[in-house]
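Trainee: For reference, the file run_22.txt (compact mmCIF, C-alpha atoms (C1' of nucleotides)) is included below:
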# COMPACT_ATOMS: atom_id res chain seq x y z
CA MET G 15 9.70 4.74 -6.32
CA ALA G 16 6.74 5.00 -4.02
CA LEU G 17 8.49 3.73 -0.91
CA ALA G 18 10.80 6.74 -1.13
CA HIS G 19 7.81 9.05 -1.32
CA ALA G 20 5.96 7.29 1.46
CA ILE G 21 9.03 7.85 3.66
CA LEU G 22 9.16 11.52 2.66
CA ALA G 23 5.46 11.82 3.45
CA ALA G 24 6.01 10.32 6.88
CA LEU G 25 9.12 12.39 7.67
CA ILE G 26 7.52 15.64 6.56
CA ASN G 27 4.89 15.22 9.24
CA ALA G 28 7.56 14.62 11.87
CA PRO G 29 11.30 13.95 11.52
CA CYS G 30 12.36 10.68 13.13
CA SER G 31 14.73 7.71 13.06
CA GLY G 32 14.60 4.61 10.88
CA TYR G 33 13.42 2.63 13.85
CA ASP G 34 10.58 5.05 14.50
CA LEU G 35 9.70 5.03 10.83
CA ALA G 36 9.43 1.25 10.88
CA LYS G 37 6.96 1.56 13.72
CA ARG G 38 4.94 4.17 11.89
CA PHE G 39 4.83 1.90 8.86
CA ASP G 40 3.30 -0.58 11.22
CA GLY G 41 0.76 1.96 12.42
CA SER G 42 -0.65 5.09 10.83
CA VAL G 43 1.42 5.04 7.65
CA GLY G 44 0.57 1.35 7.46
CA PHE G 45 -3.00 2.28 6.49
CA PHE G 46 -1.70 2.85 2.98
CA TRP G 47 1.87 1.56 2.72
CA SER G 48 3.73 -1.33 4.27
CA ALA G 49 7.47 -1.81 4.46
CA SER G 50 9.94 -3.80 6.55
CA HIS G 51 12.72 -2.21 8.55
CA GLN G 52 15.30 -3.52 6.07
CA GLN G 53 13.61 -1.74 3.21
CA ILE G 54 13.34 1.43 5.24
CA TYR G 55 16.99 1.52 6.27
CA ARG G 56 18.12 0.86 2.73
CA GLU G 57 15.89 3.53 1.31
CA LEU G 58 16.97 6.05 3.96
CA SER G 59 20.60 5.62 2.89
CA LYS G 60 19.64 6.17 -0.71
CA LEU G 61 17.54 9.22 0.05
CA GLU G 62 20.36 10.73 2.07
CA ASP G 63 22.83 10.11 -0.78
CA GLN G 64 20.45 11.92 -3.12
CA GLY G 65 20.10 14.80 -0.72
CA TRP G 66 16.34 14.40 -0.34
CA ILE G 67 16.68 13.97 3.41
CA SER G 68 19.34 14.99 5.92
CA CYS G 69 20.50 13.21 9.02
CA GLN G 70 21.52 14.28 12.50
CA THR G 71 22.99 11.76 14.92
CA ILE G 72 21.55 11.93 18.41
CA LEU G 73 23.62 10.51 21.24
CA GLN G 74 21.52 8.87 23.90
CA ALA G 75 22.46 7.79 27.40
CA GLY G 76 21.94 4.08 28.00
CA ARG G 77 20.63 3.26 24.53
CA PRO G 78 22.00 3.17 21.00
CA ASP G 79 22.57 6.40 19.10
CA LYS G 80 19.75 7.30 16.81
CA LYS G 81 19.80 9.01 13.46
CA LEU G 82 17.19 11.68 13.16
CA TYR G 83 16.15 12.18 9.56
CA SER G 84 14.35 15.19 8.13
CA VAL G 85 13.22 16.14 4.64
CA THR G 86 15.34 18.72 2.81
CA ASP G 87 13.98 21.42 0.49
CA LEU G 88 15.01 19.28 -2.45
CA GLY G 89 13.14 16.37 -0.91
CA GLU G 90 9.99 18.40 -0.49
CA GLN G 91 10.22 19.58 -4.09
CA GLN G 92 10.55 15.99 -5.28
CA LEU G 93 7.57 14.93 -3.18
CA LYS G 94 5.52 17.76 -4.63
CA LYS G 95 6.56 16.79 -8.14
CA TRP G 96 5.65 13.16 -7.55
CA ILE G 97 2.23 14.08 -6.19
CA ALA G 98 1.57 16.20 -9.27
CA GLN G 99 2.19 13.42 -11.78
CA PRO G 100 -0.83 11.16 -12.21
CA CYS G 101 -0.77 7.54 -11.05
CA GLU G 102 -2.93 4.51 -11.72
CA PRO G 103 -5.09 2.76 -9.15
CA THR G 104 -3.10 -0.07 -7.58
CA PRO G 105 -3.80 -3.42 -9.21
CA ILE G 106 -5.22 -5.97 -6.76
CA LYS G 107 -3.13 -8.89 -5.59
CA ASP G 108 -4.84 -10.96 -3.01
CA ASP G 109 -4.04 -14.49 -1.89
CA LEU G 110 -7.48 -15.10 -0.42
CA LEU G 111 -9.18 -14.34 -3.73
CA VAL G 112 -6.84 -16.72 -5.55
CA LYS G 113 -7.93 -19.36 -3.04
CA ILE G 114 -11.60 -18.63 -3.61
CA PHE G 115 -11.14 -18.74 -7.36
CA ALA G 116 -9.62 -22.21 -7.08
CA ALA G 117 -11.83 -23.25 -4.15
CA ARG G 118 -13.30 -26.26 -5.91
CA VAL G 119 -10.10 -28.23 -5.33
CA ALA G 120 -10.50 -27.69 -1.58
CA SER G 121 -13.17 -28.67 0.92
CA LYS G 122 -15.95 -26.34 2.03
CA GLU G 123 -14.61 -26.54 5.58
CA THR G 124 -11.13 -25.39 4.59
CA ILE G 125 -12.53 -22.40 2.75
CA LEU G 126 -14.95 -21.56 5.51
CA ALA G 127 -12.22 -21.65 8.15
CA GLU G 128 -10.00 -19.39 6.09
CA ILE G 129 -12.76 -16.89 5.42
CA GLU G 130 -13.63 -16.78 9.11
CA GLN G 131 -9.99 -16.14 9.96
CA HIS G 132 -9.91 -13.24 7.56
CA GLN G 133 -13.18 -11.88 8.80
CA LYS G 134 -11.74 -11.84 12.30
CA ALA G 135 -8.60 -10.08 11.11
CA HIS G 136 -10.60 -7.43 9.26
CA LEU G 137 -12.85 -6.91 12.26
CA GLU G 138 -9.80 -6.29 14.43
CA LYS G 139 -8.36 -3.84 11.97
CA LEU G 140 -11.67 -2.03 11.76
CA SER G 141 -11.88 -1.79 15.52
CA THR G 142 -8.34 -0.37 15.69
CA TYR G 143 -9.26 2.22 13.08
CA GLU G 144 -12.51 3.14 14.83
CA ASN G 145 -10.63 3.62 18.06
CA LEU G 146 -8.15 5.95 16.39
CA LYS G 147 -11.06 7.86 14.92
CA GLN G 148 -12.63 8.28 18.36
CA HIS G 149 -9.40 9.32 20.00
CA TYR G 150 -7.77 11.61 17.48
CA PHE G 151 -10.49 12.74 15.10
CA ARG G 152 -13.45 13.48 17.31
CA ASN G 153 -14.10 16.88 15.75
CA PRO G 154 -13.41 16.56 12.03
CA GLN G 155 -14.52 20.15 11.45
CA LYS G 156 -11.81 21.50 13.70
CA LEU G 157 -8.87 19.63 12.20
CA SER G 158 -5.92 21.43 10.68
CA GLN G 159 -5.39 20.83 6.97
CA PRO G 160 -2.64 18.21 7.40
CA GLU G 161 -4.76 16.43 10.02
CA GLN G 162 -7.75 16.50 7.70
CA PHE G 163 -5.77 14.69 5.02
CA GLN G 164 -4.57 12.08 7.47
CA TYR G 165 -8.13 11.65 8.60
CA LEU G 166 -9.10 10.93 5.01
CA THR G 167 -6.60 8.07 4.83
CA LEU G 168 -8.06 6.67 8.04
CA LEU G 169 -11.57 6.86 6.62
CA ASN G 170 -10.34 5.01 3.57
CA GLY G 171 -9.02 2.25 5.81
CA ILE G 172 -12.34 2.03 7.64
CA SER G 173 -14.26 1.82 4.40
CA TYR G 174 -11.86 -0.80 3.08
CA GLU G 175 -12.27 -3.05 6.10
CA LYS G 176 -16.03 -2.73 5.92
CA HIS G 177 -15.95 -3.77 2.29
CA TRP G 178 -14.06 -6.93 3.22
CA LEU G 179 -16.29 -7.68 6.18
CA ALA G 180 -19.44 -7.41 4.10
CA TRP G 181 -17.97 -9.69 1.47
CA CYS G 182 -16.83 -12.27 4.04
CA ASP G 183 -20.34 -12.26 5.54
CA GLY G 184 -21.80 -13.01 2.16
CA VAL G 185 -19.36 -15.83 1.44
CA ILE G 186 -19.97 -17.43 4.83
CA GLU G 187 -23.72 -17.27 4.37
CA LEU G 188 -23.39 -18.91 1.01
CA LEU G 189 -21.07 -21.66 2.24
CA LYS G 190 -23.14 -22.39 5.34
CA GLY G 191 -26.36 -22.52 3.40
CA ASN G 192 -27.15 -25.32 1.00
CA GLY G 193 -26.87 -23.32 -2.15
CA GLU G 194 -30.57 -22.56 -2.16
CA GLN G 195 -30.36 -18.91 -1.30
CA GLU G 196 -29.27 -16.05 -3.46
CA ILE G 197 -25.89 -14.43 -3.41
CA GLY G 198 -27.34 -11.00 -3.11
CA PHE G 199 -24.67 -8.95 -1.35
CA GLY G 200 -22.39 -6.62 -3.18
CA ASP G 201 -25.23 -4.45 -4.38
CA MET W 8 4.84 -18.09 -4.15
CA ALA W 9 1.39 -16.81 -4.91
CA LEU W 10 1.99 -16.11 -8.59
CA ALA W 11 2.65 -19.82 -9.07
CA HIS W 12 -0.64 -20.64 -7.37
CA ALA W 13 -2.55 -17.98 -9.25
CA ILE W 14 -1.31 -19.59 -12.48
CA LEU W 15 -2.34 -23.03 -11.24
CA ALA W 16 -5.76 -21.65 -10.32
CA ALA W 17 -6.17 -20.20 -13.80
CA LEU W 18 -4.93 -23.33 -15.61
CA ILE W 19 -7.10 -25.66 -13.58
CA ASN W 20 -10.19 -23.89 -14.88
CA ALA W 21 -8.96 -24.24 -18.43
CA PRO W 22 -5.56 -25.28 -19.82
CA CYS W 23 -4.05 -22.65 -22.08
CA SER W 24 -0.86 -21.02 -23.38
CA GLY W 25 1.31 -18.40 -21.72
CA TYR W 26 -0.07 -15.83 -24.08
CA ASP W 27 -3.63 -16.72 -23.18
CA LEU W 28 -2.72 -16.67 -19.50
CA ALA W 29 -1.34 -13.15 -19.87
CA LYS W 30 -4.68 -12.10 -21.32
CA ARG W 31 -6.58 -13.75 -18.49
CA PHE W 32 -4.38 -11.94 -15.98
CA ASP W 33 -5.56 -8.82 -17.73
CA GLY W 34 -9.18 -9.91 -17.42
CA SER W 35 -10.95 -12.24 -15.03
CA VAL W 36 -7.90 -13.40 -13.09
CA GLY W 37 -6.93 -9.73 -12.95
CA PHE W 38 -9.74 -9.16 -10.40
CA PHE W 39 -7.39 -10.57 -7.78
CA TRP W 40 -3.91 -10.93 -9.26
CA SER W 41 -1.87 -9.01 -11.75
CA ALA W 42 1.22 -10.17 -13.59
CA SER W 43 3.08 -9.25 -16.76
CA HIS W 44 3.73 -11.69 -19.59
CA GLN W 45 7.43 -11.81 -18.66
CA GLN W 46 6.61 -12.98 -15.16
CA ILE W 47 4.16 -15.52 -16.49
CA TYR W 48 6.58 -17.08 -18.97
CA ARG W 49 9.32 -17.26 -16.36
CA GLU W 50 7.00 -18.86 -13.83
CA LEU W 51 5.63 -21.34 -16.39
CA SER W 52 9.16 -22.63 -17.07
CA LYS W 53 9.74 -23.05 -13.36
CA LEU W 54 6.43 -24.82 -12.80
CA GLU W 55 7.14 -27.20 -15.66
CA ASP W 56 10.61 -27.98 -14.25
CA GLN W 57 8.96 -28.81 -10.94
CA GLY W 58 6.40 -31.02 -12.61
CA TRP W 59 3.43 -29.01 -11.36
CA ILE W 60 2.25 -28.40 -14.90
CA SER W 61 2.81 -30.21 -18.19
CA CYS W 62 3.13 -28.82 -21.66
CA GLN W 63 1.93 -29.89 -25.07
CA THR W 64 3.10 -28.04 -28.17
CA ILE W 65 0.33 -27.28 -30.63
CA LEU W 66 1.33 -26.64 -34.23
CA GLN W 67 -0.79 -24.02 -35.90
CA ALA W 68 -1.10 -23.16 -39.54
CA GLY W 69 -0.17 -19.56 -40.31
CA ARG W 70 0.68 -18.55 -36.76
CA PRO W 71 3.33 -19.38 -34.17
CA ASP W 72 3.23 -22.71 -32.35
CA LYS W 73 1.61 -22.49 -28.96
CA LYS W 74 2.41 -24.35 -25.80
CA LEU W 75 -0.68 -25.64 -24.08
CA TYR W 76 -0.13 -25.98 -20.36
CA SER W 77 -2.20 -28.05 -17.97
CA VAL W 78 -1.97 -28.76 -14.25
CA THR W 79 -0.58 -32.17 -13.26
CA ASP W 80 -1.80 -34.25 -10.31
CA LEU W 81 1.21 -33.04 -8.35
CA GLY W 82 0.30 -29.47 -9.25
CA GLU W 83 -3.26 -29.91 -8.04
CA GLN W 84 -2.03 -31.42 -4.79
CA GLN W 85 0.28 -28.45 -4.26
CA LEU W 86 -2.53 -26.02 -4.98
CA LYS W 87 -4.75 -27.82 -2.49
CA LYS W 88 -1.99 -27.75 0.12
CA TRP W 89 -1.41 -24.04 -0.40
CA ILE W 90 -5.11 -23.28 -0.07
CA ALA W 91 -5.22 -25.19 3.20
CA GLN W 92 -2.47 -23.21 4.89
CA PRO W 93 -3.73 -19.93 6.34
CA CYS W 94 -2.65 -16.59 4.89
CA GLU W 95 -2.79 -13.01 6.10
CA PRO W 96 -4.89 -10.27 4.55
CA THR W 97 -2.79 -8.42 1.97
CA PRO W 98 -1.22 -5.28 3.39
CA ILE W 99 -2.32 -2.15 1.56
CA LYS W 100 0.07 -0.27 -0.71
CA ASP W 101 -1.52 2.58 -2.46
CA ASP W 102 0.14 5.53 -4.16
CA LEU W 103 -2.95 7.70 -4.04
CA LEU W 104 -3.22 7.41 -0.27
CA VAL W 105 0.44 8.36 0.11
CA LYS W 106 -0.38 11.45 -1.93
CA ILE W 107 -3.36 12.30 0.24
CA PHE W 108 -1.34 11.81 3.40
CA ALA W 109 1.22 14.32 2.13
CA ALA W 110 -1.34 16.49 0.37
CA ARG W 111 -0.45 19.62 2.30
CA VAL W 112 2.67 20.10 0.16
CA ALA W 113 0.50 20.17 -2.97
CA SER W 114 -2.29 22.44 -4.16
CA LYS W 115 -5.96 21.66 -3.72
CA GLU W 116 -6.33 21.63 -7.52
CA THR W 117 -3.63 19.01 -8.01
CA ILE W 118 -5.22 16.73 -5.45
CA LEU W 119 -8.71 17.28 -6.80
CA ALA W 120 -7.63 16.48 -10.35
CA GLU W 121 -5.93 13.28 -9.23
CA ILE W 122 -8.91 12.14 -7.19
CA GLU W 123 -11.23 12.79 -10.11
CA GLN W 124 -8.97 10.75 -12.38
CA HIS W 125 -9.12 7.86 -9.97
CA GLN W 126 -12.85 8.15 -9.53
CA LYS W 127 -13.21 7.87 -13.28
CA ALA W 128 -10.96 4.82 -13.41
CA HIS W 129 -12.87 3.10 -10.61
CA LEU W 130 -16.17 3.90 -12.28
CA GLU W 131 -14.94 2.28 -15.48
CA LYS W 132 -13.79 -0.82 -13.65
CA LEU W 133 -17.10 -1.05 -11.85
CA SER W 134 -18.99 -0.80 -15.09
CA THR W 135 -16.84 -3.55 -16.62
CA TYR W 136 -17.56 -5.76 -13.63
CA GLU W 137 -21.28 -5.03 -13.69
CA ASN W 138 -21.39 -5.93 -17.36
CA LEU W 139 -19.70 -9.26 -16.69
CA LYS W 140 -22.18 -9.88 -13.91
CA GLN W 141 -25.09 -9.25 -16.27
CA HIS W 142 -23.69 -11.39 -19.04
CA TYR W 143 -22.27 -14.40 -17.23
CA PHE W 144 -23.89 -14.50 -13.82
CA ARG W 145 -27.51 -13.67 -14.44
CA ASN W 146 -28.79 -16.60 -12.41
CA PRO W 147 -26.52 -17.00 -9.41
CA GLN W 148 -28.67 -19.84 -8.04
CA LYS W 149 -28.04 -21.94 -11.10
CA LEU W 150 -24.26 -21.67 -11.22
CA SER W 151 -22.02 -24.70 -10.92
CA GLN W 152 -19.75 -24.75 -7.89
CA PRO W 153 -16.63 -23.53 -9.73
CA GLU W 154 -18.67 -20.76 -11.34
CA GLN W 155 -20.09 -19.78 -7.99
CA PHE W 156 -16.60 -19.26 -6.62
CA GLN W 157 -15.59 -17.20 -9.62
CA TYR W 158 -18.73 -15.17 -9.13
CA LEU W 159 -17.63 -14.47 -5.56
CA THR W 160 -14.36 -12.99 -6.78
CA LEU W 161 -16.31 -10.78 -9.17
CA LEU W 162 -18.57 -9.62 -6.35
CA ASN W 163 -15.49 -8.77 -4.35
CA GLY W 164 -14.23 -6.64 -7.21
CA ILE W 165 -17.57 -4.84 -7.43
CA SER W 166 -17.63 -4.16 -3.72
CA TYR W 167 -14.02 -2.96 -3.85
CA GLU W 168 -14.70 -0.45 -6.61
CA LYS W 169 -17.77 0.84 -4.79
CA HIS W 170 -15.69 1.37 -1.68
CA TRP W 171 -13.24 3.51 -3.65
CA LEU W 172 -15.97 5.44 -5.43
CA ALA W 173 -17.69 6.34 -2.17
CA TRP W 174 -14.42 7.50 -0.69
CA CYS W 175 -13.53 9.58 -3.75
CA ASP W 176 -16.97 11.21 -3.59
CA GLY W 177 -16.35 12.17 0.01
CA VAL W 178 -12.91 13.60 -0.68
CA ILE W 179 -14.17 15.64 -3.62
CA GLU W 180 -17.04 17.04 -1.59
CA LEU W 181 -14.62 18.02 1.13
CA LEU W 182 -12.16 19.65 -1.24
CA LYS W 183 -14.81 21.50 -3.22
CA GLY W 184 -16.48 22.79 -0.09
CA ASN W 185 -14.86 25.35 2.12
CA GLY W 186 -14.14 23.11 5.04
CA GLU W 187 -17.41 24.05 6.73
CA GLN W 188 -19.20 20.77 6.25
CA GLU W 189 -18.61 17.49 7.98
CA ILE W 190 -16.62 14.61 6.61
CA GLY W 191 -19.36 12.17 7.32
CA PHE W 192 -18.87 9.41 4.75
CA GLY W 193 -17.26 6.13 5.62
CA ASP W 194 -19.88 5.29 8.23
C1' DT Y 28 16.75 -15.70 33.58
C1' DC Y 29 14.32 -14.69 29.79
C1' DT Y 30 11.60 -11.79 27.01
C1' DG Y 31 10.90 -7.58 24.78
C1' DC Y 32 12.32 -3.01 23.42
C1' DC Y 33 15.69 0.11 21.40
C1' DA Y 34 18.55 0.77 17.28
C1' DT Y 35 21.11 -0.40 13.40
C1' DG Y 36 22.44 -2.90 9.68
C1' DT Y 37 24.19 -7.10 5.89
C1' DA Y 38 23.40 -10.98 2.63
C1' DA Y 39 20.98 -14.00 -0.21
C1' DG Y 40 17.23 -15.07 -2.68
C1' DT Y 41 12.68 -14.19 -4.97
C1' DT Y 42 9.60 -11.33 -7.37
C1' DG Y 43 8.37 -7.60 -10.30
C1' DT Y 44 9.40 -3.91 -13.88
C1' DT Y 45 11.24 -2.04 -18.11
C1' DA Y 46 13.37 -2.52 -22.20
C1' DC Y 47 14.78 -5.30 -25.96
C1' DA Y 48 14.02 -8.93 -29.56
C1' DT Y 49 11.74 -11.80 -33.29
C1' DG Y 50 8.49 -12.73 -36.97
C1' DA Y 51 4.21 -14.05 -39.35
C1' DT Y 52 -0.81 -12.74 -40.06
C1' DT Y 53 -4.84 -9.74 -40.22
C1' DA Y 54 -7.34 -5.57 -40.41
C1' DT Y 55 -7.53 -0.43 -41.63
C1' DA T 8 1.86 1.20 -45.53
C1' DT T 9 0.84 0.83 -40.76
C1' DA T 10 -0.81 -0.89 -36.71
C1' DA T 11 -2.62 -4.55 -34.08
C1' DT T 12 -2.78 -9.42 -32.85
C1' DC T 13 -0.67 -13.87 -32.13
C1' DA T 14 3.20 -16.07 -29.65
C1' DT T 15 7.44 -16.55 -27.36
C1' DG T 16 11.15 -15.23 -24.97
C1' DT T 17 16.03 -12.72 -22.78
C1' DA T 18 18.53 -9.27 -19.96
C1' DA T 19 19.16 -5.81 -16.68
C1' DC T 20 17.56 -3.64 -13.02
C1' DA T 21 14.59 -2.42 -8.99
C1' DA T 22 11.86 -3.87 -5.13
C1' DC T 23 10.69 -6.94 -1.61
C1' DT T 24 11.25 -10.95 1.67
C1' DT T 25 13.62 -13.87 4.87
C1' DA T 26 17.25 -14.86 7.57
C1' DC T 27 21.22 -13.48 9.98
C1' DA T 28 23.82 -10.36 13.14
C1' DT T 29 24.92 -7.26 17.23
C1' DG T 30 24.36 -5.50 21.88
C1' DG T 31 22.71 -2.91 25.95
C1' DC T 32 18.68 -1.92 29.01
C1' DA T 33 14.19 -2.69 31.46
C1' DG T 34 10.71 -5.40 33.42
C1' DA T 35 8.40 -9.94 34.87
Would you write the structure of this file as structure tokens?
Mentor:
Amino acid sequence: MALAHAILAALINAPCSGYDLAKRFDGSVGFFWSASHQQIYRELSKLEDQGWISCQTILQAGRPDKKLYSVTDLGEQQLKKWIAQPCEPTPIKDDLLVKIFAARVASKETILAEIEQHQKAHLEKLSTYENLKQHYFRNPQKLSQPEQFQYLTLLNGISYEKHWLAWCDGVIELLKGNGEQEIGFGD
Amino acid sequence: MALAHAILAALINAPCSGYDLAKRFDGSVGFFWSASHQQIYRELSKLEDQGWISCQTILQAGRPDKKLYSVTDLGEQQLKKWIAQPCEPTPIKDDLLVKIFAARVASKETILAEIEQHQKAHLEKLSTYENLKQHYFRNPQKLSQPEQFQYLTLLNGISYEKHWLAWCDGVIELLKGNGEQEIGFGD
DNA sequence: TCTGCCATGTAAGTTGTTACATGATTAT
DNA sequence: ATAATCATGTAACAACTTACATGGCAGA
């Protein structure tokens, strides 16, 4: 059910179309939820049927019509209700860690290359996040309440990428060394 | 396809039954992949049909027969192949962050209670991981290669829980304060 | 001319969740 | 007695992925 609520959360900040939503799920909302455009369109239909969101068709000159969705009172109530009921931390599911766990069937070089790829990807994500922080959250003390909460999700993303980077560093050091040094990171 | 490979990774370390696998996915393998027993049994049938694993029925006195699965040569090849092809970092999907993002529709108390719940859960996980580290990985220098890789997944889990704990601390401080202080964590 | 953006969807297949189902043994 | 553990599954449903499908406009 969380995709529905992630969409509500996004729409409550600013009503928009399915297309726009898909882009947001690739950007800011993507810090904590990912979804393809197919999922989004399907869920939007369902949410409209349930009356949690309403839709207004906007005619545009020279480009396709767009459907502007906004959260209804019922929708906001449901979101509030969902937030109030406790949830569990998300269980981890990570391909890279499966690979590491089974790394003995592969060569050191294969593993090293993969880790370096991931390190690069995490570094890029981190840099994107840091840029957003610089541009939009320069003065954390002066943020409005909604902005403050969004800022917190960004900080989570930054912390998450740093956690991965530190771990990748450690793995690389270990693999590049000859097994003589300690694996001391993570403390 | 990653569930299949997670199962192969688990079986290659030690052949076992579906029931045992389910328990491992609730323990050590659970650091990086989660799956229910229904998924596991379904996937085991499929893997056996494909010839990636083989099965030997063990008759037991006083308890149900068990099926002991082990990875075939073909299975190991497939695992190796999968490890060699690059994968992307797992996109984040986290209920709690959706809640924070939309936190303005809820009360401070609701959010605070939820964060504290999560902090507790992460603390418990961390303590479980630290215990495993103490018991099984006392001398990281002396580990065999397969053990070293398993140790790396454990260290990842530890680092992950610490990342969450630090973030929860920050959020709690912010919510308990009056908005006068900085949100300075995450750096 | 070709790529990318805008904007919306359908269809098929895989994966994951929840509930149901059985039945003996062991510990409280 | 009752609950927990061992051990295996089926069935229905929900969620997610991948591929297909359309079609105009803007810029290189």
Trainee: Which neighbours of range 10-20 of chain T fall inside 10 Å, counting only C-alpha atoms (C1' of nucleotides), when residues of the same chain fewer than 3 positions from it are skipped, and could you give them as a PyMOL selection string?
Mentor: (chain W and resi 24-27+44-45+48-49+69-74) or (chain Y and resi 44-55)
Trainee: Print the selection's residues with C-alpha atoms (C1' of nucleotides) to a file, as a PDB file, keeping the file's coordinate frame.
Mentor:
ATOM      1  CA  SER W  24      -0.860 -21.020 -23.380  1.00  0.00           C
ATOM      2  CA  GLY W  25       1.310 -18.400 -21.720  1.00  0.00           C
ATOM      3  CA  TYR W  26      -0.070 -15.830 -24.080  1.00  0.00           C
ATOM      4  CA  ASP W  27      -3.630 -16.720 -23.180  1.00  0.00           C
ATOM      5  CA  HIS W  44       3.730 -11.690 -19.590  1.00  0.00           C
ATOM      6  CA  GLN W  45       7.430 -11.810 -18.660  1.00  0.00           C
ATOM      7  CA  TYR W  48       6.580 -17.080 -18.970  1.00  0.00           C
ATOM      8  CA  ARG W  49       9.320 -17.260 -16.360  1.00  0.00           C
ATOM      9  CA  GLY W  69      -0.170 -19.560 -40.310  1.00  0.00           C
ATOM     10  CA  ARG W  70       0.680 -18.550 -36.760  1.00  0.00           C
ATOM     11  CA  PRO W  71       3.330 -19.380 -34.170  1.00  0.00           C
ATOM     12  CA  ASP W  72       3.230 -22.710 -32.350  1.00  0.00           C
ATOM     13  CA  LYS W  73       1.610 -22.490 -28.960  1.00  0.00           C
ATOM     14  CA  LYS W  74       2.410 -24.350 -25.800  1.00  0.00           C
TER      15      LYS W  74
ATOM     16  C1'  DT Y  44       9.400  -3.910 -13.880  1.00  0.00           C
ATOM     17  C1'  DT Y  45      11.240  -2.040 -18.110  1.00  0.00           C
ATOM     18  C1'  DA Y  46      13.370  -2.520 -22.200  1.00  0.00           C
ATOM     19  C1'  DC Y  47      14.780  -5.300 -25.960  1.00  0.00           C
ATOM     20  C1'  DA Y  48      14.020  -8.930 -29.560  1.00  0.00           C
ATOM     21  C1'  DT Y  49      11.740 -11.800 -33.290  1.00  0.00           C
ATOM     22  C1'  DG Y  50       8.490 -12.730 -36.970  1.00  0.00           C
ATOM     23  C1'  DA Y  51       4.210 -14.050 -39.350  1.00  0.00           C
ATOM     24  C1'  DT Y  52      -0.810 -12.740 -40.060  1.00  0.00           C
ATOM     25  C1'  DT Y  53      -4.840  -9.740 -40.220  1.00  0.00           C
ATOM     26  C1'  DA Y  54      -7.340  -5.570 -40.410  1.00  0.00           C
ATOM     27  C1'  DT Y  55      -7.530  -0.430 -41.630  1.00  0.00           C
TER      28       DT Y  55
END
Trainee: Give the answer as one residue: which of W:Ala16, W:Leu182, W:Leu130, W:Ala21 has the shortest atom-to-atom distance to Ile165 in chain W, using all atoms listed in the file?
Mentor: W:Leu130
Trainee: Would you list the contacts of Gly44 in chain G as number ranges by chain, taking every protein, DNA or RNA residue within 12 Å and counting all atoms listed in the file, but skipping same-chain residues closer than 3 positions in sequence?
Mentor: G: 17, 20-21, 24, 35-41, 47-50, 139, 143, 164, 167-168, 171; W: 97-101, 104-105, 108
Trainee: Pick the closest to Leu172 in chain W from W:Lys53, W:His125, W:Lys140, W:Lys106: which is it, counting all atoms listed in the file?
Mentor: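 Answer, going by the shortest atom-to-atom distance: W:His125.
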Trainee: Cα-based RMSD, chain G fitted onto chain W, all atoms paired in sequence order: value?
Mentor: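 Between chain W and chain G, the C-alpha RMSD is 0.1 Å.
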Trainee: Please, what distance in Å, to one decimal, runs between CA of Glu130 in chain G and CA of Lys87 in chain W?
Mentor: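 Separating CA of Glu130 in chain G from CA of Lys87 in chain W is a distance of 18.3 Å.
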Trainee: Kindly extract all protein, DNA and RNA residues lying within 9 Å of the coordinates (21.5, -5.4, 17.2) given in the file, considering all atoms listed in the file, and supply them as a PyMOL selection string.
Mentor: (chain Y and resi 34-36) or (chain T and resi 28-30)
Trainee: Restrict the calculation to only C-alpha atoms (C1' of nucleotides), then for each residue of chain T with any atom at most 12 Å from an atom of chain G give the closest atom pair and their distance in Å to one decimal, rows by chain and rising residue number, as a tab-separated table.
Mentor:
residue	atom	partner	partner_atom	distance
T:DA21	C1'	G:Met15	CA	9.1
T:DA22	C1'	G:Gln53	CA	8.8
T:DC23	C1'	G:Gln53	CA	7.7
T:DT24	C1'	G:Ser50	CA	8.8
T:DT25	C1'	G:Gln52	CA	10.6
T:DA26	C1'	G:Gln52	CA	11.6
T:DT29	C1'	G:Pro78	CA	11.5
T:DG30	C1'	G:Pro78	CA	9.0
T:DG31	C1'	G:Arg77	CA	6.7
T:DC32	C1'	G:Gly76	CA	6.9
T:DA33	C1'	G:Gly76	CA	10.9
Trainee: Using CA of Gln74 in chain G and CA of Asp87 in chain G as the two end points, give the distance in Å to one decimal.
Mentor: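 That distance, rounded to one decimal, is 27.6 Å.
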Trainee: Any idea what the distance is between CA of Gln99 in chain G and CA of Phe46 in chain G?
Mentor: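 Result for CA of Gln99 in chain G versus CA of Phe46 in chain G: 18.6 Å, one decimal.
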Trainee: Using all atoms listed in the file, which residue out of G:Val43, G:Tyr174, G:Cys30, G:Leu22 lies closest to Leu61 in chain G?
Mentor: G:Leu22
Trainee: Closest to chain Y among W:Ala68, W:Ile122, W:Leu150, W:Ile19, using all atoms listed in the file?
Mentor: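 Of the candidates, the smallest distance to chain Y is held by W:Ala68.
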Trainee: Can you report as lines of an AutoDock Vina configuration file the centre and edge lengths in Å, to one decimal, of an axis-aligned box around the listed atoms of range 101-113 of chain G padded with 8 Å on each side?
Mentor:
center_x = -5.0
center_y = -5.9
center_z = -6.1
size_x = 24.4
size_y = 42.9
size_z = 27.3
Trainee: Between G:Gly191, G:Leu73, G:Ile125, G:Leu166, single out the one closest to chain Y, counting only C-alpha atoms (C1' of nucleotides).
Mentor: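 Nearest to chain Y: G:Leu73.
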Trainee: In terms of the shortest atom-to-atom distance over only C-alpha atoms, which of W:Pro153, W:Pro22, W:Gly82, W:Gly58 is closest to chain G?
Mentor: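 Between W:Pro153, W:Pro22, W:Gly82, W:Gly58, the residue approaching chain G most closely is W:Pro153.
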